[in-house]
$ cat final_22.csv   # CSV, C-alpha atoms
chain,number,residue,atom,x,y,z
A,51,ALA,CA,-11.1,109.6,5.5
A,52,ASN,CA,-10.0,108.7,1.9
A,53,MET,CA,-6.8,110.7,2.3
A,54,ALA,CA,-6.1,108.9,5.6
A,55,ARG,CA,-6.5,105.6,3.9
A,56,LEU,CA,-4.2,106.5,1.1
A,57,ALA,CA,-1.6,107.8,3.5
A,58,ALA,CA,-1.7,104.5,5.4
A,59,LEU,CA,-0.7,102.6,2.3
A,60,GLU,CA,2.6,104.5,2.3
A,61,LEU,CA,2.7,104.5,-1.6
A,62,PRO,CA,5.5,107.1,-1.9
A,63,GLN,CA,7.7,105.2,0.5
A,64,LEU,CA,7.1,102.0,-1.5
A,65,ALA,CA,7.8,103.7,-4.8
A,66,ALA,CA,11.1,105.1,-3.4
A,67,GLY,CA,12.1,101.7,-2.3
A,68,LEU,CA,11.4,100.2,-5.7
A,69,ALA,CA,13.4,103.1,-7.4
A,70,ALA,CA,16.3,102.4,-5.1
A,71,MET,CA,16.3,98.7,-6.1
A,72,GLN,CA,16.1,99.3,-9.9
A,73,PRO,CA,19.8,100.3,-10.5
A,74,ALA,CA,21.0,97.2,-8.6
A,75,SER,CA,18.7,95.0,-10.8
A,76,LYS,CA,20.1,96.6,-13.9
A,77,ALA,CA,23.7,96.1,-12.8
A,78,ALA,CA,23.1,92.5,-11.9
A,79,LYS,CA,21.8,91.8,-15.5
A,80,GLY,CA,24.7,93.8,-17.0
A,81,THR,CA,22.5,95.8,-19.3
A,82,ALA,CA,21.8,99.4,-19.6
A,83,SER,CA,18.0,98.9,-19.4
A,84,ALA,CA,16.6,95.8,-17.8
A,85,GLY,CA,13.1,95.2,-19.0
A,86,PRO,CA,10.2,93.5,-17.2
A,87,SER,CA,10.1,89.7,-16.8
A,88,GLN,CA,9.6,87.8,-20.1
A,89,ARG,CA,8.5,84.6,-18.3
A,90,GLY,CA,5.4,82.8,-19.4
A,91,ILE,CA,2.9,83.2,-22.3
A,92,GLY,CA,4.2,85.5,-25.0
A,93,SER,CA,7.8,85.4,-23.8
A,94,SER,CA,9.1,85.4,-27.4
A,95,LYS,CA,9.3,88.8,-29.0
A,96,ARG,CA,6.5,89.5,-31.4
A,97,LYS,CA,7.0,91.4,-34.7
A,98,ARG,CA,5.1,94.6,-34.8
A,99,SER,CA,2.3,94.6,-37.4
A,100,ASP,CA,2.6,97.1,-40.3
A,101,GLU,CA,-1.1,97.3,-40.6
A,102,PRO,CA,-2.6,100.6,-39.6
A,103,GLN,CA,-4.4,100.6,-36.2
A,104,VAL,CA,-8.1,101.5,-36.2
A,105,VAL,CA,-8.8,104.2,-33.7
A,106,ARG,CA,-12.2,103.5,-32.0
A,107,ARG,CA,-14.3,106.4,-30.9
A,108,SER,CA,-17.8,106.3,-29.3
A,109,ALA,CA,-20.7,108.0,-31.0
A,110,ARG,CA,-20.8,110.4,-28.1
A,111,ASN,CA,-17.2,111.5,-28.7
A,112,LYS,CA,-18.0,111.9,-32.5
A,113,GLY,CA,-21.0,114.1,-31.7
A,114,GLU,CA,-23.5,111.6,-33.1
A,115,ALA,CA,-27.0,111.2,-31.8
A,116,PRO,CA,-27.7,107.9,-30.0
A,117,ASP,CA,-29.5,105.1,-31.9
A,118,PRO,CA,-33.1,105.2,-30.8
A,119,ALA,CA,-33.3,101.4,-31.3
A,120,THR,CA,-30.7,100.7,-28.6
A,121,ALA,CA,-30.8,103.9,-26.5
A,122,GLY,CA,-33.5,102.4,-24.2
A,123,GLY,CA,-31.0,99.9,-22.7
A,124,ILE,CA,-30.7,96.1,-22.4
A,125,SER,CA,-33.2,93.9,-20.7
A,126,HIS,CA,-31.1,90.7,-20.5
A,127,GLU,CA,-28.5,88.7,-22.2
A,128,ALA,CA,-29.1,85.1,-23.5
A,129,ARG,CA,-26.6,82.3,-23.2
A,130,ASP,CA,-25.6,82.5,-26.9
A,131,GLY,CA,-24.4,86.1,-26.4
A,132,SER,CA,-27.5,87.8,-28.0
A,133,VAL,CA,-29.2,90.5,-26.1
A,134,VAL,CA,-32.9,91.6,-25.7
A,135,LEU,CA,-33.5,95.3,-25.4
A,136,LEU,CA,-36.0,96.8,-23.1
A,137,HIS,CA,-38.5,97.5,-25.9
A,138,GLY,CA,-38.3,93.8,-27.0
A,139,ALA,CA,-36.0,93.8,-29.9
A,140,ALA,CA,-33.2,91.2,-30.0
A,141,GLY,CA,-29.8,91.2,-31.6
A,142,PRO,CA,-26.2,90.0,-31.4
A,143,TRP,CA,-24.0,91.3,-28.6
A,144,GLY,CA,-22.4,94.5,-29.7
A,145,GLY,CA,-25.0,95.0,-32.4
A,146,ASP,CA,-22.4,94.6,-35.2
A,147,GLY,CA,-23.9,91.5,-36.8
A,148,GLY,CA,-20.5,89.7,-36.6
A,149,GLU,CA,-19.9,86.0,-36.6
A,150,PRO,CA,-21.3,84.1,-33.7
A,151,ALA,CA,-18.9,82.9,-31.0
A,152,ALA,CA,-17.1,79.6,-31.7
A,153,ALA,CA,-18.7,76.5,-30.2
A,154,ALA,CA,-17.2,74.9,-27.2
A,155,PRO,CA,-14.8,72.1,-27.9
A,156,PRO,CA,-16.8,68.8,-27.9
A,157,GLY,CA,-16.0,65.8,-25.7
A,158,PRO,CA,-12.9,65.2,-23.6
A,159,LEU,CA,-9.6,67.0,-24.4
A,160,PRO,CA,-6.0,65.8,-24.1
A,161,PHE,CA,-3.5,67.5,-21.8
A,162,ARG,CA,-2.0,69.4,-24.7
A,163,SER,CA,-0.8,73.0,-24.1
A,164,VAL,CA,-0.8,75.7,-26.8
A,165,ASN,CA,2.7,77.1,-25.9
A,166,ALA,CA,5.0,74.1,-25.2
A,167,ASP,CA,6.0,70.7,-26.7
A,168,GLU,CA,4.6,67.3,-25.7
A,169,GLU,CA,7.7,66.5,-23.6
A,170,SER,CA,7.1,69.6,-21.4
A,171,ASP,CA,3.4,68.7,-21.2
A,172,ALA,CA,4.2,65.2,-20.0
A,173,ALA,CA,6.7,66.5,-17.5
A,174,PHE,CA,4.2,68.9,-16.0
A,175,LEU,CA,1.5,66.3,-15.8
A,176,ALA,CA,3.9,63.9,-14.0
A,177,LEU,CA,4.7,66.7,-11.6
A,178,LEU,CA,0.9,67.3,-10.9
A,179,ALA,CA,0.4,63.6,-10.4
A,180,ALA,CA,3.3,63.4,-8.0
A,181,GLN,CA,2.0,66.3,-6.0
A,182,ALA,CA,-1.5,64.8,-5.8
A,183,ALA,CA,0.0,61.5,-4.5
A,184,ALA,CA,2.0,63.4,-1.9
A,185,VAL,CA,-1.1,65.2,-0.6
A,186,CYS,CA,-2.8,61.8,-0.3
A,187,GLU,CA,0.1,60.4,1.6
A,188,GLN,CA,0.1,63.3,4.0
A,189,GLN,CA,-3.6,62.7,4.7
A,190,GLN,CA,-3.4,59.0,5.1
A,191,PRO,CA,-2.5,58.8,8.8
A,192,ARG,CA,-5.4,61.1,9.7
A,193,ASN,CA,-7.7,59.1,7.4
A,194,ASN,CA,-6.7,55.8,8.9
A,195,LYS,CA,-7.4,57.2,12.4
A,196,ASP,CA,-10.8,58.5,11.3
A,197,ASN,CA,-11.7,55.3,9.5
A,198,SER,CA,-11.2,53.2,12.7
A,199,SER,CA,-14.6,54.7,13.9
A,200,ARG,CA,-16.3,55.0,10.5
A,201,GLY,CA,-16.3,53.7,7.0
A,202,SER,CA,-14.3,55.2,4.1
A,203,THR,CA,-15.9,58.0,2.2
A,204,ALA,CA,-15.4,59.5,-1.2
A,205,ASP,CA,-13.4,62.4,0.4
A,206,ASP,CA,-10.9,59.9,1.8
A,207,VAL,CA,-10.4,58.3,-1.6
A,208,ALA,CA,-10.1,61.6,-3.4
A,209,CYS,CA,-7.9,63.2,-0.7
A,210,GLY,CA,-9.9,66.3,-0.8
A,211,ALA,CA,-8.1,69.6,-0.7
A,212,ALA,CA,-10.7,71.1,1.8
A,213,SER,CA,-9.6,68.6,4.5
A,214,ARG,CA,-5.9,69.4,4.1
A,215,GLN,CA,-4.2,70.3,7.4
A,216,GLN,CA,-3.3,74.0,7.5
A,217,GLY,CA,-0.1,75.4,8.9
A,218,SER,CA,0.0,76.7,12.5
A,219,GLY,CA,2.0,79.8,11.8
A,220,GLY,CA,-0.9,82.1,11.9
A,221,ALA,CA,-1.6,85.3,9.9
A,222,ALA,CA,1.3,87.3,8.7
A,223,THR,CA,1.9,90.6,10.6
A,224,GLY,CA,2.0,94.0,8.9
A,225,GLN,CA,5.8,94.2,9.4
A,226,GLN,CA,6.3,90.8,7.7
A,227,LEU,CA,4.1,91.9,4.8
A,228,SER,CA,5.9,95.2,4.4
A,229,ALA,CA,9.2,93.3,4.2
A,230,LEU,CA,8.1,91.3,1.2
A,231,ARG,CA,9.9,92.0,-2.1
A,232,LEU,CA,9.0,91.0,-5.7
A,233,ALA,CA,11.7,89.8,-8.0
A,234,ALA,CA,11.5,89.8,-11.8
A,235,ASP,CA,12.0,86.0,-11.8
A,236,ASP,CA,8.8,85.6,-9.6
A,237,VAL,CA,6.6,87.2,-12.3
A,238,ALA,CA,5.0,85.4,-15.2
A,239,LYS,CA,2.3,85.9,-17.7
A,240,VAL,CA,0.1,82.8,-17.2
A,241,THR,CA,-2.8,83.7,-19.6
A,242,ARG,CA,-3.0,85.9,-22.7
A,243,ASP,CA,-6.1,87.9,-21.5
A,244,GLY,CA,-7.2,89.3,-18.2
A,245,ILE,CA,-7.3,86.7,-15.4
A,246,SER,CA,-10.8,85.9,-14.2
A,247,CYS,CA,-10.1,83.2,-11.6
A,248,LEU,CA,-7.2,81.8,-9.6
A,249,ALA,CA,-6.8,78.5,-7.8
A,250,LEU,CA,-3.8,77.2,-5.7
A,251,HIS,CA,-3.0,73.5,-5.8
A,252,PRO,CA,-3.4,72.0,-2.3
A,253,SER,CA,0.2,70.6,-2.2
A,254,SER,CA,2.3,72.1,0.6
A,255,SER,CA,5.6,71.0,-0.9
A,256,ARG,CA,5.4,72.8,-4.2
A,257,LEU,CA,3.6,75.9,-5.3
A,258,VAL,CA,1.4,75.4,-8.4
A,259,ILE,CA,-1.1,78.0,-9.5
A,260,ALA,CA,-4.0,77.6,-12.0
A,261,ALA,CA,-5.3,80.8,-13.6
A,262,ALA,CA,-8.2,81.3,-16.1
A,263,ASP,CA,-8.9,84.2,-18.4
A,264,LYS,CA,-11.8,85.9,-20.1
A,265,GLN,CA,-11.3,84.0,-23.4
A,266,GLY,CA,-11.6,80.5,-22.1
A,267,LYS,CA,-7.9,79.8,-21.5
A,268,VAL,CA,-6.5,78.1,-18.4
A,269,GLY,CA,-2.9,78.4,-17.4
A,270,LEU,CA,-0.8,76.3,-15.0
A,271,TRP,CA,2.3,77.8,-13.4
A,272,ASP,CA,4.9,75.8,-11.6
A,273,ILE,CA,6.4,78.7,-9.6
A,274,ASP,CA,9.3,76.6,-8.3
A,275,HIS,CA,10.4,75.7,-11.8
A,276,PRO,CA,13.8,77.4,-12.4
A,277,PRO,CA,13.6,80.5,-14.6
A,278,SER,CA,15.4,81.0,-17.9
A,279,THR,CA,19.0,82.2,-17.9
A,280,ALA,CA,19.7,85.9,-17.6
A,281,ASP,CA,20.4,86.3,-21.3
A,282,GLY,CA,17.2,84.5,-22.3
A,283,ALA,CA,19.0,81.5,-23.7
A,284,SER,CA,17.2,78.2,-23.1
A,285,SER,CA,17.1,74.8,-24.7
A,286,SER,CA,13.3,74.7,-24.4
A,287,SER,CA,10.5,77.3,-24.7
A,288,TYR,CA,9.0,75.8,-21.5
A,289,ASP,CA,9.7,78.0,-18.4
A,290,GLY,CA,7.2,76.6,-15.9
A,291,VAL,CA,4.0,78.0,-17.6
A,292,LEU,CA,1.6,76.0,-19.7
A,293,MET,CA,-1.6,77.3,-21.2
A,294,PHE,CA,-4.6,75.3,-22.4
A,295,ALA,CA,-7.8,76.1,-24.3
A,296,PRO,CA,-10.5,74.0,-22.7
A,297,HIS,CA,-13.2,76.6,-23.2
A,298,ARG,CA,-14.3,79.2,-25.8
A,299,ASP,CA,-15.6,81.9,-23.5
A,300,TYR,CA,-15.1,83.7,-20.2
A,301,VAL,CA,-14.1,81.3,-17.4
A,302,SER,CA,-16.3,82.2,-14.4
A,303,SER,CA,-15.1,79.5,-11.9
A,304,LEU,CA,-12.0,77.6,-11.2
A,305,ARG,CA,-11.2,75.3,-8.3
A,306,TRP,CA,-9.2,72.3,-7.2
A,307,ALA,CA,-11.9,69.9,-6.1
A,308,ASN,CA,-9.2,67.7,-4.7
A,309,SER,CA,-5.5,67.3,-5.2
A,310,HIS,CA,-5.9,65.6,-8.6
A,311,THR,CA,-9.0,67.3,-10.1
A,312,LEU,CA,-9.2,70.8,-11.4
A,313,VAL,CA,-12.8,72.0,-12.2
A,314,SER,CA,-13.5,74.9,-14.5
A,315,GLY,CA,-16.8,76.5,-15.6
A,316,SER,CA,-17.3,78.8,-18.5
A,317,TYR,CA,-19.8,81.1,-20.1
A,318,ASP,CA,-19.7,78.8,-23.1
A,319,GLY,CA,-22.0,76.6,-21.0
A,320,THR,CA,-19.5,73.9,-20.2
A,321,VAL,CA,-17.9,72.5,-17.0
A,322,ARG,CA,-14.6,70.6,-17.4
A,323,THR,CA,-12.6,68.5,-15.0
A,324,LEU,CA,-8.8,68.1,-15.4
A,325,ASP,CA,-7.8,64.7,-14.0
A,326,VAL,CA,-4.0,64.9,-13.4
A,327,ASN,CA,-3.8,61.1,-13.2
A,328,THR,CA,-5.2,60.5,-16.7
A,329,GLY,CA,-4.2,63.8,-18.3
A,330,VAL,CA,-7.7,64.4,-19.7
A,331,TRP,CA,-10.0,67.5,-19.6
A,332,GLY,CA,-13.3,65.8,-19.1
A,333,LEU,CA,-16.6,67.4,-20.0
A,334,LEU,CA,-19.5,67.2,-17.5
A,335,PRO,CA,-23.0,66.6,-18.9
A,336,GLY,CA,-24.8,69.9,-19.3
A,337,VAL,CA,-28.5,70.9,-19.0
A,338,PRO,CA,-30.2,71.0,-22.4
A,339,GLU,CA,-31.3,74.5,-23.5
A,340,ASP,CA,-34.9,75.2,-24.0

$ encode --input "final_22.csv" --output "structure tokens"
Amino acid sequence: ANMARLAALELPQLAAGLAAMQPASKAAKGTASAGPSQRGIGSSKRKRSDEPQVVRRSARNKGEAPDPATAGGISHEARDGSVVLLHGAAGPWGGDGGEPAAAAPPGPLPFRSVNADEESDAAFLALLAAQAAAVCEQQQPRNNKDNSSRGSTADDVACGAASRQQGSGGAATGQQLSALRLAADDVAKVTRDGISCLALHPSSSRLVIAAADKQGKVGLWDIDHPPSTADGASSSSYDGVLMFAPHRDYVSSLRWANSHTLVSGSYDGTVRTLDVNTGVWGLLPGVPED
């Protein structure tokens, strides 16, 4: 059954198609070896560190006996990252006695990215506000009709994304999906670490994606923003991707509550709301710890 499923994916055929496209891509760029897309976070070339790299090996691979204090396993993990073992002992996560995790940023935060200048941040924020207004305008005729028989609600004021009208095109067929192609300009690194959550802005006129990672970063990507030139020359480091640091730990949830509010929740115990009209990452009140 597994072999049949793998065969249905047609991986060899897809690989052959990609290989056939590669020479054309190289020729179009006029280089002998066209590399992967450099769009997004970390697009600038980093200098390799001269420091020796530490090779990590587990105690099992080194032939060492397990530590009897931790061999029993973990009972549960506390919110501060410490763990309680099955026999009752407690200690820091990882058991290395390192520094505790940094505290979550206090209070509201400005719309200030870590990878672009203030002008690029302001332009992106203006784009988000315009898209939010466009969603509200699209919903206004339906809301006016509904309000003739009932009073206005908070959802009408917020122009909630959940009530957005969907397209009538239906689900894509297998033939349509197999005809899709991925170009290098359509690839970007939106966060530095592994992505934990994705959320699409409800606008139907422009594609904007929010992505969060395991270290508390949230990236915003304006996919329709024109990419850099082929030789990498650009008057600005901004290429449609902004990254922010509203949290200090794994982001476990990310959602556009409506067209102008992005909500994110993190293991650092905080929930933030990005209001694209004010450009502020608000901090929701939390539940005091015992």

$ residues_around --input "final_22.csv" --residues "segment 170-182 of chain A" --least-positions-apart "4" --cutoff "12 Å" --atoms "all atoms listed in the file" --output "ChimeraX atom specification"
/A:160-166,186-189,207-211,214,251-260,269-275,285-294,306-312,324-330

$ atom_distance --input "final_22.csv" --atom1 "atom CA of Ile124 of chain A" --atom2 "atom CA of Leu136 of chain A"
5.4 Å

$ closest_residue --input "final_22.csv" --among "A:Ser316, A:His137, A:Ile245, A:Arg305" --to "Gly122 of chain A" --atoms "only C-alpha atoms"
A:His137

$ closest_residue --input "final_22.csv" --among "A:Arg298, A:Arg106, A:Leu334, A:Leu135" --to "Ala119 of chain A" --atoms "only C-alpha atoms"
A:Leu135

$ atom_distance --input "final_22.csv" --atom1 "atom CA of Pro335 of chain A" --atom2 "atom CA of Ser125 of chain A"
29.2 Å

$ atom_distance --input "final_22.csv" --atom1 "atom CA of Gly244 of chain A" --atom2 "atom CA of Trp331 of chain A"
22.0 Å

$ residues_around --input "final_22.csv" --residues "Pro155 of chain A" --least-positions-apart "4" --cutoff "12 Å" --atoms "only C-alpha atoms" --output "MDAnalysis selection string"
chainID A and resid 151 159:160 266 295:299 316 318:322 331:333

$ closest_residue --input "final_22.csv" --among "A:Arg231, A:Arg89, A:His126, A:Arg110" --to "Leu64 of chain A" --atoms "all atoms listed in the file"
A:Arg231
